[in-house]
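Data file: input_15.pdb. Format and content: PDB, C-alpha atoms.
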ATOM      1  CA  MET A1025       0.000   0.000   0.000
ATOM      2  CA  LEU A1026       2.800   2.403   0.955
ATOM      3  CA  LYS A1027       4.633   1.468  -2.245
ATOM      4  CA  GLU A1028       1.607   2.272  -4.430
ATOM      5  CA  LEU A1029       1.088   5.576  -2.546
ATOM      6  CA  TYR A1030       4.743   6.478  -3.093
ATOM      7  CA  SER A1031       4.470   5.596  -6.802
ATOM      8  CA  ALA A1032       1.387   7.794  -7.170
ATOM      9  CA  ILE A1033       3.120  10.742  -5.473
ATOM     10  CA  THR A1034       6.241  10.390  -7.608
ATOM     11  CA  GLY A1035       4.285   9.834 -10.843
ATOM     12  CA  ASN A1036       5.495   6.269 -11.295
ATOM     13  CA  LEU A1037       2.119   4.577 -10.975
ATOM     14  CA  LYS A1038       1.862   1.562 -13.292
ATOM     15  CA  PRO A1039      -1.068   1.378 -15.763
ATOM     16  CA  VAL A1040      -4.094  -0.275 -14.210
ATOM     17  CA  ALA A1041      -6.060  -0.864 -17.469
ATOM     18  CA  ILE A1042      -5.316  -1.681 -21.094
ATOM     19  CA  LEU A1043      -7.993  -0.990 -23.713
ATOM     20  CA  GLU A1044      -8.941  -3.496 -26.415
ATOM     21  CA  ASP A1045      -6.983  -1.570 -29.042
ATOM     22  CA  GLY A1046      -3.812  -1.720 -26.953
ATOM     23  CA  ARG A1047      -3.836   1.826 -25.522
ATOM     24  CA  GLU A1048      -2.954   2.292 -21.861
ATOM     25  CA  VAL A1049      -5.065   4.203 -19.351
ATOM     26  CA  ILE A1050      -3.034   5.985 -16.668
ATOM     27  CA  HIS A1051      -4.740   5.792 -13.298
ATOM     28  CA  ASN A1052      -3.627   9.078 -11.757
ATOM     29  CA  ASP A1053      -5.247  11.402 -14.371
ATOM     30  CA  TYR A1054      -6.947   8.973 -16.790
ATOM     31  CA  LYS A1055      -4.991  10.224 -19.805
ATOM     32  CA  VAL A1056      -4.885   8.023 -22.910
ATOM     33  CA  VAL A1057      -1.463   7.279 -24.324
ATOM     34  CA  GLU A1058      -1.812   7.702 -28.114
ATOM     35  CA  ASP A1059       1.653   6.520 -29.110
ATOM     36  CA  ASN A1060       0.882   2.810 -28.746
ATOM     37  CA  ARG A1061      -2.591   2.758 -30.276
ATOM     38  CA  GLY A1062      -3.267  -0.176 -32.543
ATOM     39  CA  LYS A1063      -4.968  -0.503 -35.919
ATOM     40  CA  ASN A1064      -8.301  -1.134 -34.255
ATOM     41  CA  TYR A1065      -8.345   2.520 -33.270
ATOM     42  CA  GLU A1066      -8.518   3.766 -36.889
ATOM     43  CA  HIS A1067     -11.973   4.757 -38.098
ATOM     44  CA  ASP A1068     -13.608   3.291 -41.186
ATOM     45  CA  ILE A1069     -13.630   5.661 -44.159
ATOM     46  CA  ALA A1070     -17.330   6.420 -43.484
ATOM     47  CA  ARG A1071     -16.391   7.942 -40.125
ATOM     48  CA  HIS A1072     -13.765  10.285 -41.509
ATOM     49  CA  VAL A1073     -15.483  13.578 -40.771
ATOM     50  CA  LEU A1074     -14.956  15.746 -43.846
ATOM     51  CA  LYS A1075     -16.368  19.248 -44.143
ATOM     52  CA  GLN A1076     -15.138  20.489 -47.492
ATOM     53  CA  SER A1077     -16.418  23.183 -49.862
ATOM     54  CA  ILE A1078     -15.432  23.117 -53.562
ATOM     55  CA  LEU A1079     -16.507  25.542 -56.321
ATOM     56  CA  ASN A1080     -15.490  23.832 -59.571
ATOM     57  CA  LYS A1081     -17.740  20.988 -60.767
ATOM     58  CA  ASP A1082     -14.928  18.755 -62.027
ATOM     59  CA  ASP A1083     -12.968  19.150 -58.767
ATOM     60  CA  PHE A1084     -16.137  18.393 -56.790
ATOM     61  CA  ILE A1085     -16.678  15.189 -58.784
ATOM     62  CA  GLU A1086     -13.104  13.993 -58.233
ATOM     63  CA  PHE A1087     -13.355  14.645 -54.487
ATOM     64  CA  VAL A1088     -16.673  12.773 -54.173
ATOM     65  CA  LYS A1089     -15.345   9.819 -56.174
ATOM     66  CA  GLU A1090     -12.351   9.550 -53.828
ATOM     67  CA  TYR A1091     -14.344   9.540 -50.584
ATOM     68  CA  LYS A1092     -17.732   8.103 -51.573
ATOM     69  CA  THR A1093     -19.098   5.034 -49.750
ATOM     70  CA  GLU A1094     -22.037   2.736 -50.380
ATOM     71  CA  SER A1095     -24.204   5.063 -48.294
ATOM     72  CA  THR A1096     -23.197   8.320 -50.041
ATOM     73  CA  LYS A1097     -26.158  10.456 -51.156
ATOM     74  CA  ILE A1098     -26.305  13.799 -52.997
ATOM     75  CA  PHE A1099     -28.852  16.478 -52.053
ATOM     76  CA  PHE A1100     -29.396  19.668 -54.042
ATOM     77  CA  ASN A1101     -31.454  22.854 -54.273
ATOM     78  CA  ASN A1102     -31.033  26.222 -55.988
ATOM     79  CA  LEU A1103     -28.184  27.176 -53.613
ATOM     80  CA  ARG A1104     -25.891  24.139 -53.402
ATOM     81  CA  ILE A1105     -25.139  20.530 -54.295
ATOM     82  CA  LYS A1106     -24.090  18.520 -51.243
ATOM     83  CA  ALA A1107     -22.652  14.997 -51.068
ATOM     84  CA  VAL A1108     -23.116  13.316 -47.663
ATOM     85  CA  PHE A1109     -20.607  10.464 -47.406
ATOM     86  CA  ASN A1110     -21.985   8.735 -44.293
ATOM     87  CA  TYR A1111     -25.747   8.887 -44.795
ATOM     88  CA  SER A1112     -27.912   6.257 -43.075
ATOM     89  CA  THR A1113     -28.884   3.064 -44.875
ATOM     90  CA  LEU A1114     -31.786   0.664 -44.248
ATOM     91  CA  ASP A1115     -29.677  -1.569 -42.022
ATOM     92  CA  LYS A1116     -27.268   0.929 -40.485
ATOM     93  CA  ALA A1117     -27.774   4.340 -38.910
ATOM     94  CA  ASN A1118     -25.001   6.881 -39.391
ATOM     95  CA  TYR A1119     -24.035  10.420 -38.410
ATOM     96  CA  HIS A1120     -24.508  12.440 -41.671
ATOM     97  CA  ASP A1121     -21.654  14.685 -40.540
ATOM     98  CA  SER A1122     -19.123  13.922 -43.281
ATOM     99  CA  PHE A1123     -19.778  15.862 -46.488
ATOM    100  CA  CYS A1124     -18.546  17.937 -49.387
ATOM    101  CA  GLU A1125     -20.663  20.732 -50.832
ATOM    102  CA  MET A1126     -20.564  22.900 -53.923
ATOM    103  CA  GLN A1127     -22.153  26.315 -53.524
ATOM    104  CA  LEU A1128     -23.872  27.371 -56.758
ATOM    105  CA  GLU A1129     -22.567  30.783 -57.844
ATOM    106  CA  HIS A1130     -24.006  32.751 -60.757
ATOM    107  CA  THR A1131     -21.852  34.173 -63.522
ATOM    108  CA  LYS A1132     -21.610  37.964 -63.949
ATOM    109  CA  ASN A1133     -23.363  37.785 -67.308
ATOM    110  CA  PHE A1134     -26.327  35.903 -65.871
ATOM    111  CA  GLU A1135     -26.626  38.322 -62.949
ATOM    112  CA  GLU A1136     -26.569  41.238 -65.394
ATOM    113  CA  PHE A1137     -29.164  39.554 -67.590
ATOM    114  CA  ARG A1138     -31.498  38.686 -64.717
ATOM    115  CA  SER A1139     -31.276  42.209 -63.276
ATOM    116  CA  CYS A1140     -32.727  43.716 -66.464
ATOM    117  CA  LEU A1141     -35.792  41.447 -66.638
ATOM    118  CA  ASP A1142     -39.349  42.479 -65.727
ATOM    119  CA  ARG A1143     -38.578  46.133 -65.093
ATOM    120  CA  ASP A1144     -38.740  49.328 -67.095
ATOM    121  CA  LEU A1145     -35.476  50.151 -68.867
ATOM    122  CA  THR A1146     -34.669  53.565 -70.247
ATOM    123  CA  GLN A1147     -33.304  53.973 -73.742
ATOM    124  CA  LYS A1148     -29.785  54.357 -72.321
ATOM    125  CA  GLU A1149     -30.120  51.269 -70.098
ATOM    126  CA  PHE A1150     -31.341  49.170 -73.024
ATOM    127  CA  ILE A1151     -28.387  50.264 -75.175
ATOM    128  CA  ARG A1152     -26.035  49.338 -72.327
ATOM    129  CA  ILE A1153     -27.603  45.857 -72.041
ATOM    130  CA  LEU A1154     -27.215  45.233 -75.786
ATOM    131  CA  LYS A1155     -23.545  46.192 -75.682
ATOM    132  CA  ARG A1156     -22.755  44.583 -72.331
ATOM    133  CA  LEU A1157     -24.300  41.229 -73.287
ATOM    134  CA  GLU A1158     -23.391  41.375 -76.964
ATOM    135  CA  SER A1159     -21.525  38.041 -76.830
ATOM    136  CA  CYS A1160     -24.583  36.367 -75.239
ATOM    137  CA  ILE A1161     -27.156  37.497 -77.825
ATOM    138  CA  LYS A1162     -27.469  34.639 -80.288
ATOM    139  CA  GLY A1163     -30.624  35.519 -82.204
ATOM    140  CA  PHE A1164     -33.563  37.794 -82.921
ATOM    141  CA  ASN A1165     -37.112  36.649 -83.706
ATOM    142  CA  LYS A1166     -36.151  32.938 -83.560
ATOM    143  CA  LYS A1167     -33.317  33.380 -86.068
ATOM    144  CA  GLU A1168     -29.560  33.502 -85.626
ATOM    145  CA  VAL A1169     -27.989  36.899 -85.959
ATOM    146  CA  ALA A1170     -24.528  38.304 -86.701
ATOM    147  CA  ASP A1171     -22.735  40.449 -84.132
ATOM    148  CA  MET A1172     -22.897  43.494 -86.456
ATOM    149  CA  ASP A1173     -26.697  43.461 -86.305
ATOM    150  CA  ILE A1174     -26.534  43.931 -82.536
ATOM    151  CA  ILE A1175     -24.066  46.777 -82.856
ATOM    152  CA  GLU A1176     -26.154  48.414 -85.576
ATOM    153  CA  ILE A1177     -29.301  48.368 -83.435
ATOM    154  CA  ALA A1178     -27.426  49.827 -80.459
ATOM    155  CA  GLU A1179     -25.850  52.567 -82.599
ATOM    156  CA  ASN A1180     -29.194  53.511 -84.143
ATOM    157  CA  LEU A1181     -30.736  53.795 -80.692
ATOM    158  CA  GLN A1182     -27.814  55.822 -79.411
ATOM    159  CA  ALA A1183     -27.989  58.240 -82.360
ATOM    160  CA  THR A1184     -31.752  58.833 -82.053
ATOM    161  CA  LYS A1185     -32.716  62.375 -81.077
ATOM    162  CA  ASN A1186     -36.459  62.313 -81.619
ATOM    163  CA  PHE A1187     -38.985  59.518 -82.224
ATOM    164  CA  GLN A1188     -41.491  60.391 -84.910
ATOM    165  CA  SER A1189     -43.429  57.108 -84.721
ATOM    166  CA  VAL A1190     -43.196  53.622 -83.238
ATOM    167  CA  MET A1191     -45.232  50.815 -84.821
ATOM    168  CA  ARG A1192     -45.385  47.205 -83.725
ATOM    169  CA  ASN A1193     -45.238  44.570 -86.447
ATOM    170  CA  THR A1194     -46.525  41.204 -85.257
ATOM    171  CA  GLY A1195     -43.676  39.157 -86.696
ATOM    172  CA  GLN A1196     -40.609  41.404 -86.891
ATOM    173  CA  GLY A1197     -40.951  43.651 -83.889
ATOM    174  CA  PHE A1198     -41.099  47.441 -83.738
ATOM    175  CA  THR A1199     -40.526  49.750 -86.683
ATOM    176  CA  VAL A1200     -39.155  53.087 -85.521
ATOM    177  CA  ASP A1201     -39.178  56.291 -87.580
ATOM    178  CA  ALA A1202     -36.842  58.719 -85.896
ATOM    179  CA  GLU A1203     -34.627  61.739 -86.277
ATOM    180  CA  VAL A1204     -30.970  60.863 -85.830
ATOM    181  CA  LYS A1205     -27.800  62.950 -86.014
ATOM    182  CA  ALA A1206     -27.506  62.397 -89.767
ATOM    183  CA  GLY A1207     -31.198  63.055 -90.540
ATOM    184  CA  ASN A1208     -34.359  60.955 -90.572
ATOM    185  CA  THR A1209     -34.199  57.173 -90.691
ATOM    186  CA  SER A1210     -36.228  54.011 -90.091
ATOM    187  CA  TYR A1211     -35.017  50.897 -88.266
ATOM    188  CA  THR A1212     -36.423  47.809 -86.584
ATOM    189  CA  ILE A1213     -36.144  46.740 -82.948
ATOM    190  CA  PRO A1214     -36.820  42.975 -82.751
ATOM    191  CA  ARG A1215     -39.708  41.644 -80.696
ATOM    192  CA  PHE A1216     -37.860  38.529 -79.491
ATOM    193  CA  ILE A1217     -34.237  38.410 -78.281
ATOM    194  CA  HIS A1218     -32.483  35.089 -77.577
ATOM    195  CA  PHE A1219     -29.682  34.993 -75.008
ATOM    196  CA  VAL A1220     -27.282  32.056 -74.519
ATOM    197  CA  MET A1221     -24.894  31.997 -71.538
ATOM    198  CA  PRO A1222     -23.552  29.837 -68.693
ATOM    199  CA  VAL A1223     -25.620  30.344 -65.537
ATOM    200  CA  TYR A1224     -23.161  28.981 -62.952
ATOM    201  CA  LYS A1225     -19.461  29.627 -62.387
ATOM    202  CA  ASN A1226     -19.258  25.975 -61.297
ATOM    203  CA  ASP A1227     -19.600  24.780 -64.894
ATOM    204  CA  LEU A1228     -18.918  27.373 -67.596
ATOM    205  CA  LYS A1229     -19.449  24.766 -70.330
ATOM    206  CA  LEU A1230     -23.108  24.346 -69.397
ATOM    207  CA  GLU A1231     -24.731  27.092 -71.508
ATOM    208  CA  VAL A1232     -28.448  27.857 -71.348
ATOM    209  CA  GLN A1233     -30.774  29.657 -73.763
ATOM    210  CA  PHE A1234     -33.243  32.284 -72.558
ATOM    211  CA  ASP A1235     -35.943  33.446 -74.985
ATOM    212  CA  CYS A1236     -37.186  36.931 -74.124
ATOM    213  CA  GLU A1237     -40.027  39.056 -75.464
ATOM    214  CA  LEU A1238     -39.490  42.792 -75.701
ATOM    215  CA  PHE A1239     -42.173  45.413 -75.004
ATOM    216  CA  LEU A1240     -41.633  48.984 -76.203
ATOM    217  CA  GLU A1241     -43.504  52.108 -75.106
ATOM    218  CA  ALA A1242     -42.812  55.596 -76.489
ATOM    219  CA  LYS A1243     -42.289  58.327 -73.866
ATOM    220  CA  GLU A1244     -41.655  61.957 -74.811
ATOM    221  CA  ASN A1245     -38.972  61.639 -77.498
ATOM    222  CA  SER A1246     -37.657  58.461 -75.864
ATOM    223  CA  PHE A1247     -39.043  55.069 -74.978
ATOM    224  CA  ILE A1248     -39.321  52.544 -72.161
ATOM    225  CA  VAL A1249     -38.324  48.913 -72.737
ATOM    226  CA  ASN A1250     -39.383  45.858 -70.750
ATOM    227  CA  LEU A1251     -37.802  42.425 -71.276
ATOM    228  CA  VAL A1252     -39.741  39.344 -70.161
ATOM    229  CA  CYS A1253     -38.493  35.746 -69.948
ATOM    230  CA  TYR A1254     -41.639  33.737 -69.313
ATOM    231  CA  LYS A1255     -39.941  30.446 -68.390
ATOM    232  CA  LEU A1256     -37.060  31.799 -66.311
ATOM    233  CA  ASP A1257     -37.749  29.775 -63.142
ATOM    234  CA  GLU A1258     -38.430  26.606 -65.135
ATOM    235  CA  ILE A1259     -35.187  27.005 -67.099
ATOM    236  CA  ILE A1260     -33.107  27.594 -63.951
ATOM    237  CA  GLU A1261     -34.577  24.518 -62.212
ATOM    238  CA  LYS A1262     -33.850  22.386 -65.281
ATOM    239  CA  THR A1263     -30.288  23.731 -65.348
ATOM    240  CA  ILE A1264     -29.758  22.756 -61.707
ATOM    241  CA  ARG A1265     -31.124  19.268 -62.420
ATOM    242  CA  ASP A1266     -28.885  18.906 -65.483
ATOM    243  CA  LEU A1267     -25.834  20.009 -63.494
ATOM    244  CA  THR A1268     -26.635  17.595 -60.657
ATOM    245  CA  LYS A1269     -27.319  14.721 -63.054
ATOM    246  CA  ASP A1270     -23.920  15.270 -64.671
ATOM    247  CA  VAL A1271     -22.300  15.139 -61.221
ATOM    248  CA  CYS A1272     -24.123  11.917 -60.266
ATOM    249  CA  ASP A1273     -23.397  10.198 -63.580
ATOM    250  CA  SER A1274     -19.707  11.088 -63.255
ATOM    251  CA  CYS A1275     -19.591   9.850 -59.644
ATOM    252  CA  GLU A1276     -21.022   6.484 -60.776
ATOM    253  CA  GLY A1277     -23.722   4.967 -58.624
ATOM    254  CA  VAL A1278     -24.507   7.956 -56.379
ATOM    255  CA  LYS A1279     -28.186   8.957 -56.232
ATOM    256  CA  SER A1280     -29.419  12.551 -55.927
ATOM    257  CA  PHE A1281     -32.468  14.110 -54.260
ATOM    258  CA  MET A1282     -33.869  17.632 -54.598
ATOM    259  CA  VAL A1283     -34.562  19.234 -51.214
TER     260      VAL A1283
END
With the file now loaded, output its structure as structure tokens.
Amino acid sequence: MLKELYSAITGNLKPVAILEDGREVIHNDYKVVEDNRGKNYEHDIARHVLKQSILNKDDFIEFVKEYKTESTKIFFNNLRIKAVFNYSTLDKANYHDSFCEMQLEHTKNFEEFRSCLDRDLTQKEFIRILKRLESCIKGFNKKEVADMDIIEIAENLQATKNFQSVMRNTGQGFTVDAEVKAGNTSYTIPRFIHFVMPVYKNDLKLEVQFDCELFLEAKENSFIVNLVCYKLDEIIEKTIRDLTKDVCDSCEGVKSFMV
């Protein structure tokens, strides 16, 4: 008894318990000695708690493929795509705390495009949109168009001093008779404008087409424009599903669920 008391005081107390994995428990402060832990201590891959965020789709796929398990599931919404590596299965409950997620970030062009929809644009704002998104405008009135046509429309609008008349033609769009710097002229503003652009920074190769109808209203020697994309929400949801499907197909065998 005196010997054990002396050993405790001097810090020389022998271990009183050995765990199944070979680690020793020290009696005087119950510290675990990590240096002699055995292989039994190592967690299965499903218990490796990963909390990783990745922006690029291809990088996200490679990461998921490296760490996926039989219980891995992918969940997505309009904000993110998230792979949970240790999701529960029918015969085994798990922690759901090991994951990798990809936040969905919009491109600058898409943000610019969406900001001009469903609101009144002045003549100057409309010219700016045509020039700013010139590379994304792929057609007018359901037909492909050359870049010079876009520039020509913008320059005509910019040169206009006074609108003499604005007439809507059912098929072509709006015929404008106006006074410009060089005299009087007539030009057409198309009724339908077709934009094609990537929506998400995560996958710049995934381009999406947006068909917009243009409404034009004359206002005291100028006009107000309103662009409407009737299927915007439907197109965005389909784009998210297409992006997620590409991720799942590339990860091979991982199922996805919209939440």
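Distances from A:Val1252, A:Met1221, A:Cys1272, A:Val1204 to Cys1236 (chain A) were compared using all atoms listed in the file, and the smallest one belongs to A:Val1252.
Distances to Asp1083 (chain A) were evaluated for A:Val1271, A:Glu1261, A:Asn1208, A:Glu1203 using only C-alpha atoms, and the minimum falls at A:Val1271.
What separates CA of Arg1192 (chain A) from CA of Thr1209 (chain A) is a distance of 16.5 Å.
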Where is the centre and how long are the edges: axis-aligned box on region 1244-1263 of chain A, 3 Å on each side, Å to one decimal, as lines of an AutoDock Vina configuration file:
center_x = -36.0
center_y = 42.2
center_z = -69.9
size_x = 17.4
size_y = 45.6
size_z = 21.3
Atom pair CA of Leu1267 (chain A) + CA of Ile1078 (chain A), distance 14.7 Å
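When all atoms listed in the file are used to measure the gap to Ile1248 (chain A), the shortest distance among A:Thr1146, A:Thr1096, A:Ser1274, A:Asn1180 belongs to A:Thr1146.
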Subject >> Expected selection from the PyMOL selection byres ((chain A and resi 1154) around 12), given as JSON, numbers by chain >> reply: {"A": [1133, 1136, 1137, 1140, 1145, 1147, 1148, 1149, 1150, 1151, 1152, 1153, 1155, 1156, 1157, 1158, 1159, 1160, 1161, 1162, 1171, 1172, 1173, 1174, 1175, 1176, 1177, 1178, 1179, 1180, 1181, 1182, 1213, 1217, 1218, 1219, 1251]}
* Mind listing as JSON, numbers by chain all residues within 9 Å of (-21.9, 20.6, -53.3), counting only C-alpha atoms? -> {"A": [1076, 1077, 1078, 1079, 1081, 1084, 1098, 1099, 1100, 1104, 1105, 1106, 1107, 1123, 1124, 1125, 1126, 1127, 1128]}
Closest of A:Val1088, A:Val1232, A:Val1073, A:Leu1103 to Asp1273 (chain A) - atom-to-atom distances counting all atoms listed in the file: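 Result for the nearest residue to Asp1273 (chain A): A:Val1088.
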Show which residues sit within 10 Å of Glu1241 (chain A), as a list in words. Count all atoms listed in the file, and ignore same-chain residues fewer than 2 positions away.
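Skipping anything fewer than 2 positions along the chain leaves Asp1144, Val1190, Met1191, Phe1239, Lys1243, Ser1246, Phe1247, Ile1248, Val1249 and Asn1250 of chain A.
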Put those residues in a file: C-alpha atoms, as a PDB file, in the frame of the given file.
ATOM      1  CA  ASP A1144     -38.740  49.328 -67.095  1.00  0.00           C
ATOM      2  CA  VAL A1190     -43.196  53.622 -83.238  1.00  0.00           C
ATOM      3  CA  MET A1191     -45.232  50.815 -84.821  1.00  0.00           C
ATOM      4  CA  PHE A1239     -42.173  45.413 -75.004  1.00  0.00           C
ATOM      5  CA  LYS A1243     -42.289  58.327 -73.866  1.00  0.00           C
ATOM      6  CA  SER A1246     -37.657  58.461 -75.864  1.00  0.00           C
ATOM      7  CA  PHE A1247     -39.043  55.069 -74.978  1.00  0.00           C
ATOM      8  CA  ILE A1248     -39.321  52.544 -72.161  1.00  0.00           C
ATOM      9  CA  VAL A1249     -38.324  48.913 -72.737  1.00  0.00           C
ATOM     10  CA  ASN A1250     -39.383  45.858 -70.750  1.00  0.00           C
TER      11      ASN A1250
END
In Å and to one decimal, CA of Thr1113 (chain A) is distant from CA of Lys1097 (chain A) by 10.1 Å
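If you measure from each of A:Val1278, A:Ala1170, A:Ala1242, A:Ala1117 to Ser1189 (chain A) using all atoms listed in the file, the closest one turns out to be A:Ala1242.
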Residue contacts of Leu1114 (chain A) (12 Å, all atoms listed in the file) excluding same-chain residues fewer than 4 positions away, as a list in words | Glu1094, Ser1095 and Asn1118 of chain A
The residue from A:Asn1186, A:Thr1263, A:Gln1196, A:Asn1165 with the smallest atom-to-atom distance to Asn1226 (chain A), counting all atoms listed in the file, is A:Thr1263
On this structure, which residues satisfy the PyMOL selection byres ((chain A and resi 1212) around 6), written as number ranges by chain? A: 1198-1199, 1211, 1213
Expanded to explicit residues, what is the PyMOL selection byres ((chain A and resi 1119) around 10) for this file, as JSON, numbers by chain?
-> {"A": [1070, 1071, 1073, 1108, 1109, 1110, 1111, 1112, 1117, 1118, 1120, 1121, 1122]}
